[in-house]
Amino acid sequence: MTELVFSIEDIFSTDTTVGALGQHGQASKYLIAPYQRGYKWASNTTNAAVSVLLRDLLDAYESKSSEYYLQYITTQIASHNEKKVLEVIDGQQRLTTLTLLFSVLTHLTGEQEHNIAKDKLSYQVRVHVSRFFDNFIYSGIASIVGKSWAEFIEMHPDEDEQDIFYLFHAVQKMFNELKERPEVQQNEFAEYVRKNVKIILNNVNGNISC
């Protein structure tokens with residue numbers, strides 16, 4: 001098992017010299033396999049997982065910590081649709097939440113360079129979840145922020161699934177929290193998370209650098 005420390009920017013990078021995806025079999029994205037449970041991180045209380053992660057990241061940013069480490073993620077190199085991927089064994093909740101965060105930050109700042117996680121997650125069997133990411137996270141997040149779940153489902157009844165419920169509310173939590181904190185410079189915060197927040201990636205079939 002190879003352990004490597006990556007910034008969040010490099011976790012989602014396909015660059016073969018610095019990127020976690022690029023260094024491991026030249027993978028194109030992370031794959032959430034069928035045996036993984038769905039997205040279940042709640043955001044409705046101060047101690048909910050999404051709330052805690054966002055608060056910890058904001059605290060690290062405001063204290064100007066030079067590095068802030070998230071928990072490990074564990075992957076293995078696999079193939080999907082004839083392409084190399086990193087199958088996520090442990091850590092899909094964190095990767096998914098970070099993907100949502102960067103989509104929210106891209107919307108708030110208008111800077112496409114912050115959308116570093118776009119198209120980097122694939123859900124192998126959850127067709128509705130993949131569609132939700134394509135239509136409402138990667139490019140259409142402006143159409144859901146600020147809406148209630150009831151309003152969203154009235155407009156899109158086919159999206160009424162448990163995973164999407166949690167994803168939707170995670171987006172709303174991060175959007176509202178960042179918008180209501182004018183002391184947070186959103187571009188600076190996005191840059192901080194990209195560069196200074198780190199993850200240790202455990203890849204069970206080693207580091208294949210091509």
# chains A, B, ... in the order shown; residues from 1 in each chain; ligands from 1
>>> residues_around(residues="Ile11 (chain A)", least_positions_apart="5", cutoff="12 Å", atoms="only C-alpha atoms", output="ChimeraX atom specification")
/A:4-6,16,18-24,27-30,70,72-75,86,94-95,98-99,116-117,120-121,193-195,197-202
>>> select_by_dssp(residues="region 41-165 of chain A", states="alpha helix (DSSP H)", output="PDB file with N, CA and C atoms, in the first residue's frame")
ATOM      1  N   ALA A  49     -22.065  16.082   9.921  1.00  0.00           N
ATOM      2  CA  ALA A  49     -20.754  15.911   9.278  1.00  0.00           C
ATOM      3  C   ALA A  49     -20.404  17.053   8.333  1.00  0.00           C
ATOM      4  N   VAL A  50     -21.349  17.492   7.516  1.00  0.00           N
ATOM      5  CA  VAL A  50     -21.061  18.586   6.578  1.00  0.00           C
ATOM      6  C   VAL A  50     -20.761  19.871   7.343  1.00  0.00           C
ATOM      7  N   SER A  51     -21.542  20.151   8.387  1.00  0.00           N
ATOM      8  CA  SER A  51     -21.336  21.350   9.193  1.00  0.00           C
ATOM      9  C   SER A  51     -19.963  21.338   9.854  1.00  0.00           C
ATOM     10  N   VAL A  52     -19.578  20.185  10.377  1.00  0.00           N
ATOM     11  CA  VAL A  52     -18.286  20.071  11.066  1.00  0.00           C
ATOM     12  C   VAL A  52     -17.134  20.268  10.086  1.00  0.00           C
ATOM     13  N   LEU A  53     -17.207  19.614   8.911  1.00  0.00           N
ATOM     14  CA  LEU A  53     -16.132  19.763   7.927  1.00  0.00           C
ATOM     15  C   LEU A  53     -15.988  21.212   7.493  1.00  0.00           C
ATOM     16  N   LEU A  54     -17.095  21.865   7.173  1.00  0.00           N
ATOM     17  CA  LEU A  54     -17.025  23.251   6.726  1.00  0.00           C
ATOM     18  C   LEU A  54     -16.478  24.148   7.830  1.00  0.00           C
ATOM     19  N   ARG A  55     -16.934  23.941   9.050  1.00  0.00           N
ATOM     20  CA  ARG A  55     -16.445  24.746  10.169  1.00  0.00           C
ATOM     21  C   ARG A  55     -14.945  24.546  10.388  1.00  0.00           C
ATOM     22  N   ASP A  56     -14.496  23.299  10.315  1.00  0.00           N
ATOM     23  CA  ASP A  56     -13.066  23.021  10.505  1.00  0.00           C
ATOM     24  C   ASP A  56     -12.223  23.683   9.413  1.00  0.00           C
ATOM     25  N   LEU A  57     -12.698  23.632   8.173  1.00  0.00           N
ATOM     26  CA  LEU A  57     -11.962  24.266   7.076  1.00  0.00           C
ATOM     27  C   LEU A  57     -11.919  25.786   7.255  1.00  0.00           C
ATOM     28  N   LEU A  58     -13.028  26.372   7.656  1.00  0.00           N
ATOM     29  CA  LEU A  58     -13.075  27.822   7.874  1.00  0.00           C
ATOM     30  C   LEU A  58     -12.183  28.228   9.044  1.00  0.00           C
ATOM     31  N   ASP A  59     -12.181  27.432  10.108  1.00  0.00           N
ATOM     32  CA  ASP A  59     -11.325  27.730  11.262  1.00  0.00           C
ATOM     33  C   ASP A  59      -9.850  27.665  10.873  1.00  0.00           C
ATOM     34  N   ALA A  60      -9.483  26.650  10.082  1.00  0.00           N
ATOM     35  CA  ALA A  60      -8.087  26.529   9.642  1.00  0.00           C
ATOM     36  C   ALA A  60      -7.698  27.713   8.767  1.00  0.00           C
ATOM     37  N   TYR A  61      -8.601  28.093   7.873  1.00  0.00           N
ATOM     38  CA  TYR A  61      -8.361  29.254   6.996  1.00  0.00           C
ATOM     39  C   TYR A  61      -8.197  30.537   7.805  1.00  0.00           C
ATOM     40  N   GLU A  62      -9.095  30.771   8.757  1.00  0.00           N
ATOM     41  CA  GLU A  62      -9.063  32.020   9.527  1.00  0.00           C
ATOM     42  C   GLU A  62      -7.873  32.073  10.474  1.00  0.00           C
ATOM     43  N   GLN A  92     -15.399   8.146   0.323  1.00  0.00           N
ATOM     44  CA  GLN A  92     -16.263   8.740  -0.705  1.00  0.00           C
ATOM     45  C   GLN A  92     -17.096   9.891  -0.155  1.00  0.00           C
ATOM     46  N   GLN A  93     -17.447   9.863   1.142  1.00  0.00           N
ATOM     47  CA  GLN A  93     -18.237  10.956   1.703  1.00  0.00           C
ATOM     48  C   GLN A  93     -17.432  12.260   1.688  1.00  0.00           C
ATOM     49  N   ARG A  94     -16.147  12.159   2.029  1.00  0.00           N
ATOM     50  CA  ARG A  94     -15.286  13.354   2.019  1.00  0.00           C
ATOM     51  C   ARG A  94     -15.065  13.857   0.604  1.00  0.00           C
ATOM     52  N   LEU A  95     -14.753  12.946  -0.323  1.00  0.00           N
ATOM     53  CA  LEU A  95     -14.532  13.361  -1.708  1.00  0.00           C
ATOM     54  C   LEU A  95     -15.786  14.005  -2.298  1.00  0.00           C
ATOM     55  N   THR A  96     -16.927  13.431  -2.001  1.00  0.00           N
ATOM     56  CA  THR A  96     -18.177  13.980  -2.525  1.00  0.00           C
ATOM     57  C   THR A  96     -18.448  15.355  -1.938  1.00  0.00           C
ATOM     58  N   THR A  97     -18.242  15.507  -0.632  1.00  0.00           N
ATOM     59  CA  THR A  97     -18.488  16.799   0.014  1.00  0.00           C
ATOM     60  C   THR A  97     -17.539  17.868  -0.511  1.00  0.00           C
ATOM     61  N   LEU A  98     -16.291  17.516  -0.745  1.00  0.00           N
ATOM     62  CA  LEU A  98     -15.345  18.471  -1.326  1.00  0.00           C
ATOM     63  C   LEU A  98     -15.761  18.859  -2.742  1.00  0.00           C
ATOM     64  N   THR A  99     -16.285  17.902  -3.495  1.00  0.00           N
ATOM     65  CA  THR A  99     -16.782  18.199  -4.843  1.00  0.00           C
ATOM     66  C   THR A  99     -17.914  19.220  -4.773  1.00  0.00           C
ATOM     67  N   LEU A 100     -18.827  19.029  -3.845  1.00  0.00           N
ATOM     68  CA  LEU A 100     -19.922  19.981  -3.663  1.00  0.00           C
ATOM     69  C   LEU A 100     -19.394  21.351  -3.265  1.00  0.00           C
ATOM     70  N   LEU A 101     -18.419  21.370  -2.349  1.00  0.00           N
ATOM     71  CA  LEU A 101     -17.866  22.638  -1.875  1.00  0.00           C
ATOM     72  C   LEU A 101     -17.265  23.437  -3.022  1.00  0.00           C
ATOM     73  N   PHE A 102     -16.500  22.799  -3.882  1.00  0.00           N
ATOM     74  CA  PHE A 102     -15.866  23.546  -4.966  1.00  0.00           C
ATOM     75  C   PHE A 102     -16.875  24.007  -6.011  1.00  0.00           C
ATOM     76  N   SER A 103     -17.957  23.283  -6.168  1.00  0.00           N
ATOM     77  CA  SER A 103     -19.011  23.773  -7.058  1.00  0.00           C
ATOM     78  C   SER A 103     -19.688  25.000  -6.463  1.00  0.00           C
ATOM     79  N   VAL A 104     -19.921  24.979  -5.157  1.00  0.00           N
ATOM     80  CA  VAL A 104     -20.499  26.142  -4.480  1.00  0.00           C
ATOM     81  C   VAL A 104     -19.556  27.337  -4.571  1.00  0.00           C
ATOM     82  N   LEU A 105     -18.277  27.126  -4.318  1.00  0.00           N
ATOM     83  CA  LEU A 105     -17.307  28.219  -4.385  1.00  0.00           C
ATOM     84  C   LEU A 105     -17.186  28.781  -5.797  1.00  0.00           C
ATOM     85  N   THR A 106     -17.246  27.913  -6.785  1.00  0.00           N
ATOM     86  CA  THR A 106     -17.212  28.385  -8.174  1.00  0.00           C
ATOM     87  C   THR A 106     -18.409  29.286  -8.459  1.00  0.00           C
ATOM     88  N   HIS A 107     -19.567  28.887  -7.963  1.00  0.00           N
ATOM     89  CA  HIS A 107     -20.773  29.703  -8.154  1.00  0.00           C
ATOM     90  C   HIS A 107     -20.646  31.045  -7.433  1.00  0.00           C
ATOM     91  N   LEU A 108     -20.147  31.040  -6.212  1.00  0.00           N
ATOM     92  CA  LEU A 108     -20.067  32.268  -5.422  1.00  0.00           C
ATOM     93  C   LEU A 108     -19.028  33.244  -5.966  1.00  0.00           C
ATOM     94  N   THR A 109     -17.924  32.718  -6.452  1.00  0.00           N
ATOM     95  CA  THR A 109     -16.831  33.577  -6.913  1.00  0.00           C
ATOM     96  C   THR A 109     -16.897  33.874  -8.395  1.00  0.00           C
ATOM     97  N   VAL A 127     -27.713   5.864 -11.121  1.00  0.00           N
ATOM     98  CA  VAL A 127     -27.925   6.682 -12.310  1.00  0.00           C
ATOM     99  C   VAL A 127     -28.479   8.047 -11.950  1.00  0.00           C
ATOM    100  N   HIS A 128     -29.421   8.095 -11.015  1.00  0.00           N
ATOM    101  CA  HIS A 128     -30.026   9.369 -10.637  1.00  0.00           C
ATOM    102  C   HIS A 128     -29.010  10.300  -9.985  1.00  0.00           C
ATOM    103  N   VAL A 129     -28.107   9.724  -9.190  1.00  0.00           N
ATOM    104  CA  VAL A 129     -27.087  10.549  -8.532  1.00  0.00           C
ATOM    105  C   VAL A 129     -26.133  11.123  -9.571  1.00  0.00           C
ATOM    106  N   SER A 130     -25.692  10.304 -10.508  1.00  0.00           N
ATOM    107  CA  SER A 130     -24.811  10.799 -11.571  1.00  0.00           C
ATOM    108  C   SER A 130     -25.498  11.893 -12.378  1.00  0.00           C
ATOM    109  N   ARG A 131     -26.774  11.705 -12.660  1.00  0.00           N
ATOM    110  CA  ARG A 131     -27.515  12.715 -13.408  1.00  0.00           C
ATOM    111  C   ARG A 131     -27.640  14.009 -12.610  1.00  0.00           C
ATOM    112  N   PHE A 132     -27.858  13.880 -11.295  1.00  0.00           N
ATOM    113  CA  PHE A 132     -27.954  15.052 -10.438  1.00  0.00           C
ATOM    114  C   PHE A 132     -26.648  15.849 -10.462  1.00  0.00           C
ATOM    115  N   TRP A 149     -36.102  22.234  -0.386  1.00  0.00           N
ATOM    116  CA  TRP A 149     -36.246  20.893  -0.950  1.00  0.00           C
ATOM    117  C   TRP A 149     -37.621  20.730  -1.593  1.00  0.00           C
ATOM    118  N   ALA A 150     -38.652  21.257  -0.952  1.00  0.00           N
ATOM    119  CA  ALA A 150     -40.009  21.136  -1.490  1.00  0.00           C
ATOM    120  C   ALA A 150     -40.118  21.833  -2.846  1.00  0.00           C
ATOM    121  N   GLU A 151     -39.510  23.012  -2.965  1.00  0.00           N
ATOM    122  CA  GLU A 151     -39.537  23.738  -4.244  1.00  0.00           C
ATOM    123  C   GLU A 151     -38.797  22.956  -5.321  1.00  0.00           C
ATOM    124  N   PHE A 152     -37.652  22.409  -4.952  1.00  0.00           N
ATOM    125  CA  PHE A 152     -36.848  21.662  -5.913  1.00  0.00           C
ATOM    126  C   PHE A 152     -37.589  20.420  -6.401  1.00  0.00           C
ATOM    127  N   ILE A 153     -38.176  19.672  -5.480  1.00  0.00           N
ATOM    128  CA  ILE A 153     -38.859  18.436  -5.853  1.00  0.00           C
ATOM    129  C   ILE A 153     -40.130  18.721  -6.634  1.00  0.00           C
ATOM    130  N   GLU A 154     -40.782  19.818  -6.335  1.00  0.00           N
ATOM    131  CA  GLU A 154     -41.965  20.178  -7.121  1.00  0.00           C
ATOM    132  C   GLU A 154     -41.592  20.398  -8.589  1.00  0.00           C
ATOM    133  N   MET A 155     -40.409  20.990  -8.798  1.00  0.00           N
ATOM    134  CA  MET A 155     -39.941  21.239 -10.157  1.00  0.00           C
ATOM    135  C   MET A 155     -39.304  19.999 -10.788  1.00  0.00           C
ATOM    136  N   GLN A 162     -33.121   9.533  -1.616  1.00  0.00           N
ATOM    137  CA  GLN A 162     -32.430   9.819  -0.358  1.00  0.00           C
ATOM    138  C   GLN A 162     -31.049  10.429  -0.572  1.00  0.00           C
ATOM    139  N   ASP A 163     -30.249   9.840  -1.474  1.00  0.00           N
ATOM    140  CA  ASP A 163     -28.911  10.379  -1.725  1.00  0.00           C
ATOM    141  C   ASP A 163     -28.988  11.834  -2.177  1.00  0.00           C
ATOM    142  N   ILE A 164     -29.907  12.119  -3.076  1.00  0.00           N
ATOM    143  CA  ILE A 164     -30.036  13.475  -3.608  1.00  0.00           C
ATOM    144  C   ILE A 164     -30.515  14.429  -2.529  1.00  0.00           C
ATOM    145  N   PHE A 165     -31.359  13.957  -1.630  1.00  0.00           N
ATOM    146  CA  PHE A 165     -31.802  14.765  -0.483  1.00  0.00           C
ATOM    147  C   PHE A 165     -30.597  15.257   0.315  1.00  0.00           C
TER     148      PHE A 165
END
>>> select_by_dssp(residues="chain A", states="strand (DSSP E or B)", output="MDAnalysis selection string")
chainID A and resid 2:7 30:32 68:69 73:80 83:90 121:123 197:203
>>> closest_residue(among="A:Leu178, A:Ala142, A:Ala170, A:Val204", to="Ala48 (chain A)", atoms="only C-alpha atoms")
A:Ala170
>>> atom_distance(atom1="CA of His169 (chain A)", atom2="CA of Tyr39 (chain A)")
11.4 Å
>>> atom_distance(atom1="CA of Val184 (chain A)", atom2="CA of Asn44 (chain A)")
21.6 Å
>>> closest_residue(among="A:Tyr166, A:Phe189, A:Phe175, A:Phe133", to="Val145 (chain A)", atoms="only C-alpha atoms")
A:Phe175
>>> closest_residue(among="A:Gln172, A:Asn135, A:Asn115, A:Gln71", to="His156 (chain A)", atoms="only C-alpha atoms")
A:Asn135
>>> closest_residue(among="A:Gln36, A:Thr14, A:Gln26, A:Ser43", to="Ile89 (chain A)", atoms="only C-alpha atoms")
A:Gln36
>>> closest_residue(among="A:Glu159, A:Glu180, A:Gln76, A:Ser139", to="Gly110 (chain A)", atoms="only C-alpha atoms")
A:Ser139
>>> atom_distance(atom1="CA of Val171 (chain A)", atom2="CA of Thr45 (chain A)")
14.2 Å
